[in-house]
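Undergrad: Below is the file entry-v8.cif, with mmCIF, C-alpha atoms and all ligand atoms.
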data_final
loop_
_atom_site.group_PDB
_atom_site.id
_atom_site.type_symbol
_atom_site.label_atom_id
_atom_site.label_comp_id
_atom_site.auth_asym_id
_atom_site.auth_seq_id
_atom_site.Cartn_x
_atom_site.Cartn_y
_atom_site.Cartn_z
ATOM 1 C CA MET A 592 -2.041 -37.214 -52.697
ATOM 2 C CA ILE A 593 0.344 -34.403 -53.536
ATOM 3 C CA ASP A 594 -2.507 -31.933 -54.187
ATOM 4 C CA ARG A 595 -3.773 -32.266 -50.606
ATOM 5 C CA TYR A 596 -1.531 -32.252 -47.581
ATOM 6 C CA HIS A 597 1.676 -34.012 -48.314
ATOM 7 C CA LEU A 598 4.599 -32.572 -46.342
ATOM 8 C CA THR A 599 2.393 -32.329 -43.240
ATOM 9 C CA SER A 600 1.132 -35.894 -43.622
ATOM 10 C CA ILE A 601 2.069 -38.747 -41.346
ATOM 11 C CA ALA A 602 2.107 -40.925 -44.459
ATOM 12 C CA THR A 603 5.083 -38.922 -45.770
ATOM 13 C CA ARG A 604 6.914 -38.885 -42.435
ATOM 14 C CA PRO A 605 5.760 -41.482 -39.900
ATOM 15 C CA GLU A 606 8.099 -40.279 -37.119
ATOM 16 C CA LYS A 607 6.945 -37.308 -35.034
ATOM 17 C CA THR A 608 8.547 -33.955 -35.773
ATOM 18 C CA VAL A 609 10.441 -32.686 -32.757
ATOM 19 C CA ILE A 610 11.299 -28.999 -32.920
ATOM 20 C CA ARG A 611 14.471 -28.124 -31.054
ATOM 21 C CA VAL A 612 14.775 -24.526 -30.043
ATOM 22 C CA GLY A 613 17.155 -23.120 -27.430
ATOM 23 C CA GLY A 614 17.541 -26.450 -25.632
ATOM 24 C CA ILE A 615 13.791 -27.121 -25.559
ATOM 25 C CA GLU A 616 12.102 -29.884 -27.540
ATOM 26 C CA ILE A 617 8.568 -29.293 -28.774
ATOM 27 C CA GLY A 618 6.772 -32.453 -29.857
ATOM 28 C CA ALA A 619 8.882 -34.819 -27.736
ATOM 29 C CA GLU A 620 7.844 -36.669 -24.585
ATOM 30 C CA ARG A 621 7.802 -33.575 -22.373
ATOM 31 C CA VAL A 622 4.744 -31.294 -22.491
ATOM 32 C CA ILE A 623 5.885 -27.695 -22.953
ATOM 33 C CA LEU A 624 4.395 -24.672 -21.209
ATOM 34 C CA MET A 625 4.224 -21.321 -22.973
ATOM 35 C CA ALA A 626 2.631 -18.444 -21.102
ATOM 36 C CA GLY A 627 2.681 -14.697 -20.838
ATOM 37 C CA PRO A 628 0.590 -11.623 -21.398
ATOM 38 C CA CYS A 629 -1.738 -11.151 -24.329
ATOM 39 C CA ALA A 630 0.104 -7.946 -25.222
ATOM 40 C CA ILE A 631 3.492 -6.552 -24.312
ATOM 41 C CA GLU A 632 2.598 -3.368 -22.418
ATOM 42 C CA SER A 633 5.880 -2.246 -20.822
ATOM 43 C CA ALA A 634 9.307 -3.520 -19.819
ATOM 44 C CA GLU A 635 8.204 -3.611 -16.179
ATOM 45 C CA GLN A 636 5.050 -5.620 -16.895
ATOM 46 C CA LEU A 637 6.997 -8.147 -18.945
ATOM 47 C CA SER A 638 9.733 -8.406 -16.358
ATOM 48 C CA ARG A 639 7.353 -8.990 -13.420
ATOM 49 C CA ILE A 640 5.456 -11.693 -15.296
ATOM 50 C CA ALA A 641 8.577 -13.375 -16.728
ATOM 51 C CA LYS A 642 10.190 -13.526 -13.293
ATOM 52 C CA GLU A 643 7.284 -15.418 -11.746
ATOM 53 C CA LEU A 644 6.806 -17.724 -14.716
ATOM 54 C CA SER A 645 10.457 -18.640 -15.171
ATOM 55 C CA ARG A 646 10.844 -19.409 -11.462
ATOM 56 C CA GLY A 647 7.709 -21.536 -11.714
ATOM 57 C CA GLY A 648 9.069 -23.642 -14.581
ATOM 58 C CA VAL A 649 7.516 -22.093 -17.698
ATOM 59 C CA SER A 650 10.021 -22.291 -20.551
ATOM 60 C CA ILE A 651 8.577 -20.010 -23.213
ATOM 61 C CA LEU A 652 7.266 -16.472 -22.692
ATOM 62 C CA ARG A 653 4.441 -15.349 -24.962
ATOM 63 C CA GLY A 654 3.690 -11.703 -25.662
ATOM 64 C CA SER A 655 2.321 -9.826 -28.643
ATOM 65 C CA ALA A 656 3.774 -6.611 -29.992
ATOM 66 C CA TYR A 657 1.340 -6.513 -32.910
ATOM 67 C CA LYS A 658 -2.269 -7.054 -31.901
ATOM 68 C CA PRO A 659 -5.072 -8.049 -34.282
ATOM 69 C CA ARG A 660 -8.046 -6.228 -32.722
ATOM 70 C CA THR A 661 -11.661 -6.366 -33.821
ATOM 71 C CA SER A 662 -11.938 -2.598 -33.345
ATOM 72 C CA PRO A 663 -9.451 -0.188 -34.948
ATOM 73 C CA TYR A 664 -9.803 1.967 -31.817
ATOM 74 C CA SER A 665 -8.545 -0.740 -29.443
ATOM 75 C CA PHE A 666 -4.894 -0.988 -28.374
ATOM 76 C CA GLN A 667 -2.933 -2.199 -31.403
ATOM 77 C CA GLY A 668 0.277 -3.198 -29.598
ATOM 78 C CA LEU A 669 3.648 -1.498 -29.138
ATOM 79 C CA GLY A 670 4.979 -2.704 -32.497
ATOM 80 C CA ALA A 671 8.740 -2.685 -33.044
ATOM 81 C CA GLU A 672 9.264 -1.161 -29.579
ATOM 82 C CA GLY A 673 7.418 -4.154 -28.083
ATOM 83 C CA LEU A 674 9.685 -6.563 -29.957
ATOM 84 C CA LYS A 675 12.702 -4.816 -28.468
ATOM 85 C CA LEU A 676 11.288 -5.076 -24.951
ATOM 86 C CA HIS A 677 10.593 -8.776 -25.496
ATOM 87 C CA ARG A 678 14.164 -9.351 -26.660
ATOM 88 C CA GLU A 679 15.710 -7.347 -23.827
ATOM 89 C CA GLY A 680 13.573 -9.136 -21.241
ATOM 90 C CA GLN A 681 14.839 -12.441 -22.592
ATOM 91 C CA LYS A 682 18.396 -11.650 -21.491
ATOM 92 C CA GLU A 683 17.226 -11.086 -17.918
ATOM 93 C CA HIS A 684 14.982 -14.133 -17.564
ATOM 94 C CA LYS A 685 16.565 -16.647 -19.936
ATOM 95 C CA MET A 686 13.233 -17.761 -21.317
ATOM 96 C CA LEU A 687 12.589 -18.379 -24.980
ATOM 97 C CA ILE A 688 10.196 -15.864 -26.464
ATOM 98 C CA GLU A 689 7.406 -16.050 -29.006
ATOM 99 C CA THR A 690 5.238 -13.412 -30.629
ATOM 100 C CA GLU A 691 2.618 -12.925 -33.337
ATOM 101 C CA VAL A 692 3.506 -11.614 -36.780
ATOM 102 C CA LEU A 693 0.574 -9.892 -38.432
ATOM 103 C CA ASP A 694 2.032 -8.446 -41.596
ATOM 104 C CA VAL A 695 4.208 -9.846 -44.319
ATOM 105 C CA ARG A 696 6.345 -6.669 -44.128
ATOM 106 C CA ASP A 697 7.298 -7.441 -40.496
ATOM 107 C CA VAL A 698 8.367 -11.067 -40.852
ATOM 108 C CA SER A 699 12.124 -10.501 -41.014
ATOM 109 C CA LEU A 700 12.105 -7.972 -38.153
ATOM 110 C CA VAL A 701 10.042 -10.310 -35.965
ATOM 111 C CA ALA A 702 12.256 -13.280 -36.856
ATOM 112 C CA GLU A 703 15.334 -11.287 -35.791
ATOM 113 C CA HIS A 704 13.855 -10.620 -32.361
ATOM 114 C CA VAL A 705 12.120 -13.805 -31.215
ATOM 115 C CA ASP A 706 12.698 -17.569 -31.056
ATOM 116 C CA ILE A 707 9.280 -18.627 -32.310
ATOM 117 C CA LEU A 708 6.862 -16.741 -34.580
ATOM 118 C CA ARG A 709 3.089 -17.088 -34.240
ATOM 119 C CA ILE A 710 0.474 -16.800 -36.953
ATOM 120 C CA GLY A 711 -2.823 -15.866 -35.317
ATOM 121 C CA ALA A 712 -6.234 -17.339 -36.008
ATOM 122 C CA ARG A 713 -7.267 -14.421 -38.218
ATOM 123 C CA ASN A 714 -4.297 -14.952 -40.512
ATOM 124 C CA MET A 715 -4.399 -18.723 -40.819
ATOM 125 C CA GLN A 716 -5.288 -18.370 -44.488
ATOM 126 C CA ASN A 717 -3.222 -15.271 -45.230
ATOM 127 C CA PHE A 718 -1.290 -17.129 -47.868
ATOM 128 C CA SER A 719 1.262 -14.357 -48.520
ATOM 129 C CA LEU A 720 2.121 -14.352 -44.823
ATOM 130 C CA LEU A 721 2.328 -18.149 -44.747
ATOM 131 C CA LYS A 722 4.726 -18.130 -47.694
ATOM 132 C CA GLU A 723 6.884 -15.477 -46.036
ATOM 133 C CA VAL A 724 7.170 -17.305 -42.693
ATOM 134 C CA GLY A 725 8.024 -20.343 -44.806
ATOM 135 C CA LYS A 726 11.295 -18.544 -45.493
ATOM 136 C CA CYS A 727 11.984 -17.076 -42.029
ATOM 137 C CA GLY A 728 14.175 -19.885 -40.644
ATOM 138 C CA LYS A 729 12.473 -20.004 -37.225
ATOM 139 C CA PRO A 730 9.744 -22.257 -35.807
ATOM 140 C CA VAL A 731 6.200 -21.044 -36.400
ATOM 141 C CA ILE A 732 3.099 -21.594 -34.273
ATOM 142 C CA LEU A 733 0.139 -21.789 -36.643
ATOM 143 C CA LYS A 734 -3.144 -21.127 -34.896
ATOM 144 C CA ARG A 735 -6.353 -22.631 -36.171
ATOM 145 C CA GLY A 736 -8.662 -20.152 -37.894
ATOM 146 C CA ILE A 737 -11.866 -19.383 -36.032
ATOM 147 C CA CYS A 738 -13.950 -21.086 -38.751
ATOM 148 C CA ALA A 739 -11.331 -23.387 -40.248
ATOM 149 C CA THR A 740 -11.665 -27.130 -40.703
ATOM 150 C CA ILE A 741 -8.792 -29.372 -39.716
ATOM 151 C CA GLU A 742 -8.084 -29.977 -43.386
ATOM 152 C CA GLU A 743 -7.890 -26.242 -44.182
ATOM 153 C CA TRP A 744 -5.599 -25.801 -41.199
ATOM 154 C CA LEU A 745 -3.274 -28.548 -42.406
ATOM 155 C CA MET A 746 -3.254 -27.007 -45.880
ATOM 156 C CA SER A 747 -2.038 -23.765 -44.307
ATOM 157 C CA ALA A 748 0.738 -25.671 -42.532
ATOM 158 C CA GLU A 749 1.506 -27.211 -45.913
ATOM 159 C CA TYR A 750 2.030 -23.690 -47.328
ATOM 160 C CA ILE A 751 4.669 -22.921 -44.696
ATOM 161 C CA MET A 752 6.412 -26.242 -45.233
ATOM 162 C CA ALA A 753 6.241 -26.020 -49.022
ATOM 163 C CA HIS A 754 8.143 -22.719 -48.751
ATOM 164 C CA GLY A 755 10.990 -24.328 -46.853
ATOM 165 C CA ASN A 756 10.076 -24.189 -43.170
ATOM 166 C CA HIS A 757 9.353 -27.605 -41.665
ATOM 167 C CA GLU A 758 9.199 -26.326 -38.081
ATOM 168 C CA VAL A 759 5.465 -25.803 -37.729
ATOM 169 C CA ILE A 760 3.573 -26.150 -34.448
ATOM 170 C CA LEU A 761 -0.207 -26.387 -34.801
ATOM 171 C CA CYS A 762 -2.218 -24.575 -32.109
ATOM 172 C CA GLU A 763 -5.877 -25.366 -31.403
ATOM 173 C CA ARG A 764 -7.501 -22.195 -30.009
ATOM 174 C CA GLY A 765 -11.206 -22.891 -30.309
ATOM 175 C CA ILE A 766 -13.664 -22.483 -33.152
ATOM 176 C CA ARG A 767 -16.809 -20.415 -33.514
ATOM 177 C CA THR A 768 -20.001 -22.312 -32.744
ATOM 178 C CA PHE A 769 -23.544 -21.388 -31.622
ATOM 179 C CA GLU A 770 -22.433 -21.762 -27.990
ATOM 180 C CA ASN A 771 -21.962 -18.452 -26.222
ATOM 181 C CA ALA A 772 -21.017 -19.544 -22.705
ATOM 182 C CA THR A 773 -17.440 -19.374 -23.928
ATOM 183 C CA ARG A 774 -15.787 -17.082 -26.480
ATOM 184 C CA CYS A 775 -15.113 -20.030 -28.792
ATOM 185 C CA THR A 776 -15.570 -23.777 -28.414
ATOM 186 C CA LEU A 777 -12.296 -25.566 -27.709
ATOM 187 C CA ASP A 778 -12.244 -28.437 -30.190
ATOM 188 C CA LEU A 779 -10.443 -31.058 -28.130
ATOM 189 C CA SER A 780 -11.227 -33.662 -30.798
ATOM 190 C CA SER A 781 -8.851 -31.931 -33.159
ATOM 191 C CA ILE A 782 -5.824 -33.063 -31.159
ATOM 192 C CA PRO A 783 -6.290 -36.852 -31.483
ATOM 193 C CA VAL A 784 -7.557 -36.352 -35.050
ATOM 194 C CA LEU A 785 -4.418 -34.388 -35.960
ATOM 195 C CA LYS A 786 -2.225 -37.007 -34.311
ATOM 196 C CA GLN A 787 -3.610 -39.518 -36.845
ATOM 197 C CA LEU A 788 -3.009 -37.198 -39.781
ATOM 198 C CA THR A 789 0.216 -35.337 -39.125
ATOM 199 C CA HIS A 790 3.661 -35.705 -37.561
ATOM 200 C CA LEU A 791 3.701 -32.030 -36.517
ATOM 201 C CA PRO A 792 3.502 -31.011 -32.843
ATOM 202 C CA VAL A 793 0.109 -29.800 -31.645
ATOM 203 C CA ILE A 794 -0.398 -27.380 -28.762
ATOM 204 C CA VAL A 795 -3.548 -25.919 -27.211
ATOM 205 C CA ASP A 796 -4.466 -22.350 -26.266
ATOM 206 C CA PRO A 797 -7.317 -22.638 -23.789
ATOM 207 C CA SER A 798 -7.316 -18.883 -23.106
ATOM 208 C CA HIS A 799 -8.649 -17.621 -26.439
ATOM 209 C CA ALA A 800 -11.049 -20.564 -26.638
ATOM 210 C CA ALA A 801 -12.593 -19.892 -23.235
ATOM 211 C CA GLY A 802 -12.443 -16.101 -23.085
ATOM 212 C CA ARG A 803 -12.816 -16.526 -19.306
ATOM 213 C CA LYS A 804 -10.276 -17.589 -16.756
ATOM 214 C CA ASP A 805 -12.346 -19.828 -14.470
ATOM 215 C CA ILE A 806 -12.398 -22.863 -16.789
ATOM 216 C CA ILE A 807 -8.820 -22.610 -18.048
ATOM 217 C CA PRO A 808 -7.380 -25.067 -15.488
ATOM 218 C CA SER A 809 -9.921 -27.722 -16.584
ATOM 219 C CA LEU A 810 -9.305 -27.109 -20.285
ATOM 220 C CA ALA A 811 -5.542 -27.173 -19.799
ATOM 221 C CA LYS A 812 -5.683 -30.548 -18.040
ATOM 222 C CA ALA A 813 -8.043 -31.921 -20.680
ATOM 223 C CA ALA A 814 -5.742 -30.735 -23.462
ATOM 224 C CA ILE A 815 -2.818 -32.671 -22.010
ATOM 225 C CA ALA A 816 -5.032 -35.728 -21.503
ATOM 226 C CA VAL A 817 -5.981 -35.810 -25.206
ATOM 227 C CA GLY A 818 -2.353 -35.557 -26.313
ATOM 228 C CA ALA A 819 -1.383 -31.894 -26.633
ATOM 229 C CA ASP A 820 2.383 -31.389 -26.869
ATOM 230 C CA GLY A 821 2.164 -28.056 -25.107
ATOM 231 C CA LEU A 822 -0.047 -25.279 -23.786
ATOM 232 C CA LEU A 823 -0.158 -21.583 -24.630
ATOM 233 C CA ILE A 824 -1.792 -19.665 -21.781
ATOM 234 C CA GLU A 825 -2.380 -15.975 -21.163
ATOM 235 C CA VAL A 826 -1.362 -14.540 -17.817
ATOM 236 C CA HIS A 827 -1.292 -11.009 -16.453
ATOM 237 C CA ASP A 828 -0.268 -9.758 -13.032
ATOM 238 C CA GLU A 829 -2.931 -7.020 -13.069
ATOM 239 C CA PRO A 830 -5.741 -8.514 -15.171
ATOM 240 C CA ALA A 831 -8.143 -5.678 -14.322
ATOM 241 C CA ASN A 832 -5.760 -3.188 -15.963
ATOM 242 C CA ALA A 833 -4.691 -5.362 -18.899
ATOM 243 C CA LYS A 834 -4.785 -3.593 -22.255
ATOM 244 C CA CYS A 835 -6.481 -6.618 -23.747
ATOM 245 C CA ASP A 836 -7.974 -9.959 -22.783
ATOM 246 C CA GLY A 837 -7.821 -9.319 -19.018
ATOM 247 C CA LYS A 838 -10.915 -11.468 -18.443
ATOM 248 C CA GLN A 839 -9.165 -14.608 -19.616
ATOM 249 C CA ALA A 840 -5.799 -13.941 -17.962
ATOM 250 C CA LEU A 841 -4.667 -16.100 -15.075
ATOM 251 C CA LEU A 842 -2.425 -14.564 -12.443
ATOM 252 C CA PRO A 843 1.149 -15.862 -12.903
ATOM 253 C CA LYS A 844 0.997 -17.432 -9.438
ATOM 254 C CA ASP A 845 -2.237 -19.259 -10.322
ATOM 255 C CA LEU A 846 -0.642 -20.757 -13.413
ATOM 256 C CA VAL A 847 2.414 -21.803 -11.407
ATOM 257 C CA ALA A 848 0.105 -23.361 -8.789
ATOM 258 C CA LEU A 849 -1.625 -25.341 -11.540
ATOM 259 C CA ILE A 850 1.595 -26.952 -12.792
ATOM 260 C CA PRO A 851 1.620 -29.918 -10.328
ATOM 261 C CA ASP A 852 -1.880 -30.915 -11.518
ATOM 262 C CA LEU A 853 -0.871 -30.551 -15.154
ATOM 263 C CA ARG A 854 2.141 -32.720 -14.432
ATOM 264 C CA LYS A 855 -0.038 -35.432 -12.885
ATOM 265 C CA VAL A 856 -2.101 -35.613 -16.071
ATOM 266 C CA ALA A 857 1.029 -35.710 -18.216
ATOM 267 C CA VAL A 858 2.519 -38.513 -16.122
ATOM 268 C CA ALA A 859 -0.783 -40.452 -16.246
ATOM 269 C CA ILE A 860 -0.481 -40.662 -20.041
ATOM 270 C CA GLY A 861 3.216 -41.534 -20.015
ATOM 271 C CA ARG A 862 4.666 -38.070 -20.532
ATOM 272 C CA SER A 863 6.438 -35.516 -18.379
ATOM 273 C CA LEU A 864 6.087 -31.801 -17.791
HETATM 274 C C1 LIG B 901 -3.159 -14.348 -29.405
HETATM 275 O O1 LIG B 901 -2.741 -15.469 -29.102
HETATM 276 O O2 LIG B 901 -2.613 -13.304 -29.011
HETATM 277 C C2 LIG B 901 -4.354 -14.217 -30.263
HETATM 278 C C3 LIG B 901 -4.708 -13.048 -30.788
HETATM 279 O O3 LIG B 901 -5.045 -15.345 -30.421
HETATM 280 P P1 LIG B 901 -5.906 -15.841 -31.684
HETATM 281 O O4 LIG B 901 -5.106 -15.520 -32.903
HETATM 282 O O5 LIG B 901 -6.042 -17.315 -31.436
HETATM 283 O O6 LIG B 901 -7.219 -15.124 -31.632
HETATM 284 MN MN MN B 902 -5.197 -12.416 -26.208
#
Represent the structure from my file as structure tokens, please.
Ligand code: PEP
Ligand code: MN
TA:
Amino acid sequence: MIDRYHLTSIATRPEKTVIRVGGIEIGAERVILMAGPCAIESAEQLSRIAKELSRGGVSILRGSAYKPRTSPYSFQGLGAEGLKLHREGQKEHKMLIETEVLDVRDVSLVAEHVDILRIGARNMQNFSLLKEVGKCGKPVILKRGICATIEEWLMSAEYIMAHGNHEVILCERGIRTFENATRCTLDLSSIPVLKQLTHLPVIVDPSHAAGRKDIIPSLAKAAIAVGADGLLIEVHDEPANAKCDGKQALLPKDLVALIPDLRKVAVAIGRSL
């Protein structure tokens, strides 16, 4: 069915897509950990967090320079200066780096600075942006829209692939439901459902789904158990002073302490971490 998802479909490509970036394989047997602050706040903040995470075994450092905020008065990110800090920090800590691109006008600048681009939930159906990252030549994490069905999400991945970029990583980050104990409801069903439909790697962001840090270890373990190829987790070394999303940030040391448990789950389902 060429008018529905085609390039993303497992029918078109039965073998799993493995994305190779800087010596790391996303979508292979090993479950990949990506973690870092919600927003890049300063060189020192990034450096402190990256040091702890890289020593602990996290391979990819997240951090946003452009922040999509509900209020125009909230911190909007450091912009191009934040990208520079991310890139400079990379030399020191030898981690791969990822960041969100919010605007079609920033795609080439962002692609010059980071290893992996991220399209956030709010932009999952920003078709101009999807087309542009389709031409950027770097892997793209495509987050699920807050109210998007799995089919709509795959169609958005199809946009990126149809414009030339086959390195798409789907990221489940929770959907909006009537439940208000958590910020969003993490749709763990989407992972095994996607595994039946697509060859693309699927990762899980428990942080933006939960909106609170206490249940993140449970959600992270569950995500691996249902087949996630990786996790994207927010950490901050001073959550009380974080410029955004402090309530859902784990301390770097708490994430590192969680890794042995995550590994046990991965090994139980025949994978590694
Ligand atoms: C983020 O990961 O920084 C983010 C804003 O998440 P989401 O797009 O899933 O809301
Ligand atoms: Mn955040």
Undergrad: I'd like the interatomic distance between CA of Glu742 in chain A and atom O6 of ligand LIG 901 (chain B), to a tenth of an Å.
TA: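 Result for CA of Glu742 in chain A versus atom O6 of ligand LIG 901 (chain B): 19.0 Å, one decimal.
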Undergrad: Could you expand the PyMOL selection byres (((not hetatm)) within 10 of (chain B and resi 902)) into the explicit residues it covers here, written as a short mmCIF file (atom, residue, chain, number, x, y, z; two decimals) with C-alpha atoms, in the frame of the given file?
TA:
data_model
loop_
_atom_site.label_atom_id
_atom_site.label_comp_id
_atom_site.auth_asym_id
_atom_site.auth_seq_id
_atom_site.Cartn_x
_atom_site.Cartn_y
_atom_site.Cartn_z
CA GLY A 627 2.68 -14.70 -20.84
CA PRO A 628 0.59 -11.62 -21.40
CA CYS A 629 -1.74 -11.15 -24.33
CA ALA A 630 0.10 -7.95 -25.22
CA GLY A 654 3.69 -11.70 -25.66
CA SER A 655 2.32 -9.83 -28.64
CA LYS A 658 -2.27 -7.05 -31.90
CA PRO A 659 -5.07 -8.05 -34.28
CA ARG A 660 -8.05 -6.23 -32.72
CA ASP A 796 -4.47 -22.35 -26.27
CA SER A 798 -7.32 -18.88 -23.11
CA HIS A 799 -8.65 -17.62 -26.44
CA GLY A 802 -12.44 -16.10 -23.08
CA ILE A 824 -1.79 -19.66 -21.78
CA GLU A 825 -2.38 -15.98 -21.16
CA VAL A 826 -1.36 -14.54 -17.82
CA LYS A 834 -4.78 -3.59 -22.26
CA CYS A 835 -6.48 -6.62 -23.75
CA ASP A 836 -7.97 -9.96 -22.78
CA GLY A 837 -7.82 -9.32 -19.02
CA LYS A 838 -10.92 -11.47 -18.44
CA GLN A 839 -9.16 -14.61 -19.62
CA ALA A 840 -5.80 -13.94 -17.96
#
Undergrad: Using all atoms listed in the file, find the one residue out of A:Val731, A:Ala626, A:Leu788, A:Ala801 that sits nearest to Val612 in chain A.
TA: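 So, comparing all the options, the nearest one is A:Val731.
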Undergrad: May I ask you to write as a PyMOL selection string all residues lying at most 6 Å from ligand LIG 901 (chain B), with all atoms listed in the file counted?
TA: chain A and resi 629+711-713+734+764+799
Undergrad: When you look at Val784 in chain A with a cut-off of 12 Å (counting all atoms listed in the file), what residues show up, excluding the ones that are within fewer than 5 positions of it in the same chain? I need them as a PyMOL selection string.
TA: chain A and resi 601+740-742+745+763+778-779+789-790+793+817-819
Undergrad: Give me the residues near Gly725 in chain A as a PDB file with C-alpha atoms, in the coordinates of the input, where near means some atom within 6 Å (using all atoms listed in the file) and where sequence neighbours in that chain fewer than 3 positions away do not count.
TA:
ATOM      1  CA  LYS A 722       4.726 -18.130 -47.694  1.00  0.00           C
ATOM      2  CA  ILE A 751       4.669 -22.921 -44.696  1.00  0.00           C
ATOM      3  CA  HIS A 754       8.143 -22.719 -48.751  1.00  0.00           C
ATOM      4  CA  GLY A 755      10.990 -24.328 -46.853  1.00  0.00           C
ATOM      5  CA  ASN A 756      10.076 -24.189 -43.170  1.00  0.00           C
TER       6      ASN A 756
END
Undergrad: Residues at most 10 Å from range 691-708 of chain A, counting all atoms listed in the file, excluding those fewer than 4 positions away in the same chain, as a PyMOL selection string?
TA: chain A and resi 612-613+630+651+653-659+670-671+674-679+681+686-687+713-714+717-724+726-733+758-760
Undergrad: Provide the CA of Gln667 in chain A to CA of Leu777 in chain A distance in Å, to one decimal place.
TA: 25.4 Å
Undergrad: Using only C-alpha atoms, find the one residue out of A:Cys775, A:Ala859, A:Leu841, A:Leu669 that sits nearest to Lys804 in chain A.
TA: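 Of A:Cys775, A:Ala859, A:Leu841, A:Leu669, the one nearest Lys804 in chain A is A:Leu841, counting only C-alpha atoms.
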Undergrad: Between CA of Ile737 in chain A and CA of Pro808 in chain A, what distance in Å does the model show, to one decimal?
TA: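 Spanning CA of Ile737 in chain A to CA of Pro808 in chain A is a straight-line distance of 21.8 Å.
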Undergrad: Evaluate the PyMOL selection byres (((chain A and resi 848) around 12) and not hetatm) here and jot the selected residues down as a compact mmCIF listing (two decimals) with C-alpha atoms, keeping the file's coordinate frame.
TA:
# COMPACT_ATOMS: atom_id res chain seq x y z
CA GLU A 643 7.28 -15.42 -11.75
CA LEU A 644 6.81 -17.72 -14.72
CA ARG A 646 10.84 -19.41 -11.46
CA GLY A 647 7.71 -21.54 -11.71
CA GLY A 648 9.07 -23.64 -14.58
CA VAL A 649 7.52 -22.09 -17.70
CA PRO A 808 -7.38 -25.07 -15.49
CA LEU A 841 -4.67 -16.10 -15.08
CA LEU A 842 -2.42 -14.56 -12.44
CA PRO A 843 1.15 -15.86 -12.90
CA LYS A 844 1.00 -17.43 -9.44
CA ASP A 845 -2.24 -19.26 -10.32
CA LEU A 846 -0.64 -20.76 -13.41
CA VAL A 847 2.41 -21.80 -11.41
CA LEU A 849 -1.62 -25.34 -11.54
CA ILE A 850 1.60 -26.95 -12.79
CA PRO A 851 1.62 -29.92 -10.33
CA ASP A 852 -1.88 -30.92 -11.52
CA LEU A 853 -0.87 -30.55 -15.15
CA ARG A 854 2.14 -32.72 -14.43
Undergrad: Please identify all polymer residues lying at most 6 Å from the point (-13.1, -24.2, -33.8) (file coordinates), using all atoms listed in the file, and present the result as an MDAnalysis selection string.
TA: chainID A and resid 737:738 765:767 776 778
Undergrad: What's the 9 Å shell around Ala634 in chain A, counting all atoms listed in the file, without same-chain residues fewer than 2 positions away, as a list in words?
TA: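 Residues near the query, excluding close chain neighbours: Ile631, Glu632, Gln636, Leu637, Ser638, Arg639, Gly673, Leu676, His677, Glu679 and Gly680 of chain A.
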Undergrad: Write the selection just made, keeping C-alpha atoms, as a CSV table (one decimal), keeping the file's coordinate frame?
TA:
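And here's part-v8.csv as it stands now:
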chain,number,residue,atom,x,y,z
A,631,ILE,CA,3.5,-6.6,-24.3
A,632,GLU,CA,2.6,-3.4,-22.4
A,636,GLN,CA,5.0,-5.6,-16.9
A,637,LEU,CA,7.0,-8.1,-18.9
A,638,SER,CA,9.7,-8.4,-16.4
A,639,ARG,CA,7.4,-9.0,-13.4
A,673,GLY,CA,7.4,-4.2,-28.1
A,676,LEU,CA,11.3,-5.1,-25.0
A,677,HIS,CA,10.6,-8.8,-25.5
A,679,GLU,CA,15.7,-7.3,-23.8
A,680,GLY,CA,13.6,-9.1,-21.2
Undergrad: Padding 8 Å on every side, please: axis-aligned box over the listed atoms of range 824-838 of chain A, centre and edge lengths to one decimal in Å, as JSON.
TA:
{"center_x": -5.6, "center_y": -11.4, "center_z": -18.4, "size_x": 26.6, "size_y": 32.5, "size_z": 26.7}
Undergrad: Go through A:Val795, A:Met746, A:Gln787, A:Asp828 one by one, measure the shortest atom-to-atom distance of each to Lys642 in chain A using all atoms listed in the file, and give the residue with the smallest value.
TA: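 Distance minimum relative to Lys642 in chain A lands on A:Asp828.
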Undergrad: Could you give me, as a tab-separated table, every range 680-798 of chain A residue with an atom at most 9 Å from range 622-625 of chain A, plus its closest atom pair and distance in Å to one decimal, counting only C-alpha atoms, rows ordered by chain then number?
TA:
residue	atom	partner	partner_atom	distance
A:Ile688	CA	A:Met625	CA	8.8
A:Glu689	CA	A:Met625	CA	8.6
A:Ile794	CA	A:Ile623	CA	8.6
Undergrad: Nearest to Val858 in chain A among A:Glu620, A:Glu683, A:Glu743, A:Glu770, with distances taken over all atoms listed in the file: which residue is it?
TA: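 Distance minimum relative to Val858 in chain A lands on A:Glu620.
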